[in-house]
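> Quick one: structure below, then a few questions.
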Amino acid sequence: MEDITCLIQKAQNGDSEAKAVIVQENSKLIWSVVKKFSGRGYEMEDLFQTGAIGLIKSIDRFDLSYNVKFSTYAVPMIIGEVKRFLRDDGLIKVSRSTKSLALKVKLFNQSYYIKNGKEPTMSEMCEELNVNEDELILAMESSAEVETLYKKVTTPNSNRETFLIDKFNEAGKDEEELLILRSAISELTDEERQIILMRYFDDKTQSETGKRLNRSQVQVSRMEKKILMKIKEKIV
């Protein structure tokens with residue numbers, strides 16, 4: 001069997017056969033990852049195909065100078081691809097009532113701003129729409145852009161797009177990048193660091209994370225988004 005490094009080099013140079021060999025040789029790795037998502041109403045073969053897309057993205061993006069095994073780099077990419085599939089295919093469902101409330105929030109915010117020249121407070125929105133804060137946050141989050149470590153970002157002074165998680169991987173080989181990453185993490189609270197560890201390294205859902213931290217799923221969702229924005233501002 002040809003060395004994985006040689007195969008990756010060939011694949012990145014456009015050799016489709018080399019890429020197919022890598023996918024075939026790593027099929028057990030893909031299966032081991034997608035099995036974690038079984039029992040969610042999807043055919044395992046569909047999840048495998050989605051995981052294979054994540055592996056192919058890993059092949060295209062893997063930097064041979066990384067001081068990590070290819071499989072180590074590929075696993076979070078595979079997980080991310082499957083999670084995106086589940087999310088985009090409606091695993092995280094938003095009820096009609098939540099969608100309706102989100103629209104009412106948007107319309108109220110617009111009219112309030114036109115009348116007062118500023119954004120309404122949470123309490124003002126809750127009073128106007130006759131909902132509690134958790135319901136309001138859920139509605140607002142349902143229409144907001146999802147922030148994840150697998151979100152594409154643009155590198156400064158370059159048009160090259162990369163994933164936020166790649167910044168974590170790249171930091172290990174560059175002292176300056178590592179210092180920036182450490183600085184970003186050091187500014188997080190203990191609870192914020194726990195959320196990142198549980199969500200992106202222990203593969204816990206927001207609900208599971210909330211139970212560990214005695215927080216609601218809505219609170220975890222709101223905190224996670226803020227945390228990722230803080231990290232993104234520091235390292236991108």
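Order determines the names: the first chain of the structure tokens is A, the second B, and so forth; residues in each chain are numbered 1 upward, and ligands are numbered 1 upward as they are shown.
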Would you kindly return, as a PyMOL selection string, each protein, DNA or RNA residue with an atom no farther than 12 Å from any atom of Ile53 of chain A, considering only C-alpha atoms and excluding same-chain residues fewer than 4 positions away?
chain A and resi 19-20+23+27+30+46-49+57-60+74-75+77-82+84-85
> Compile the contact shell of Ser111 of chain A as number ranges by chain: residues with an atom at most 10 Å away, counting only C-alpha atoms, same-chain residues fewer than 6 positions apart removed.
A: 117, 119-120
> Could the residues in this selection be saved with N, CA and C atoms as an mmCIF file, in the first residue's frame?

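The result, stored in part-v1.cif:
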data_model
loop_
_atom_site.group_PDB
_atom_site.id
_atom_site.type_symbol
_atom_site.label_atom_id
_atom_site.label_comp_id
_atom_site.auth_asym_id
_atom_site.auth_seq_id
_atom_site.Cartn_x
_atom_site.Cartn_y
_atom_site.Cartn_z
ATOM 1 N N GLY A 117 -35.089 55.519 17.405
ATOM 2 C CA GLY A 117 -33.694 55.701 17.021
ATOM 3 C C GLY A 117 -32.734 54.807 17.763
ATOM 4 N N GLU A 119 -32.324 50.394 19.509
ATOM 5 C CA GLU A 119 -32.892 49.047 19.594
ATOM 6 C C GLU A 119 -33.655 48.886 20.905
ATOM 7 N N PRO A 120 -34.744 48.125 20.911
ATOM 8 C CA PRO A 120 -35.472 47.875 22.160
ATOM 9 C C PRO A 120 -34.691 46.937 23.067
#
> One decimal, Å: what's the distance from atom CA of Met229 of chain A over to atom CA of Lys69 of chain A, could you say?
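According to the coordinates, atom CA of Met229 of chain A and atom CA of Lys69 of chain A are separated by 28.4 Å.
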> Nearest to Thr50 of chain A: which of A:Phe70, A:Trp31, A:Tyr113, A:Tyr200 is it, counting only C-alpha atoms?
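Closest to Thr50 of chain A, using only C-alpha atoms: A:Trp31.
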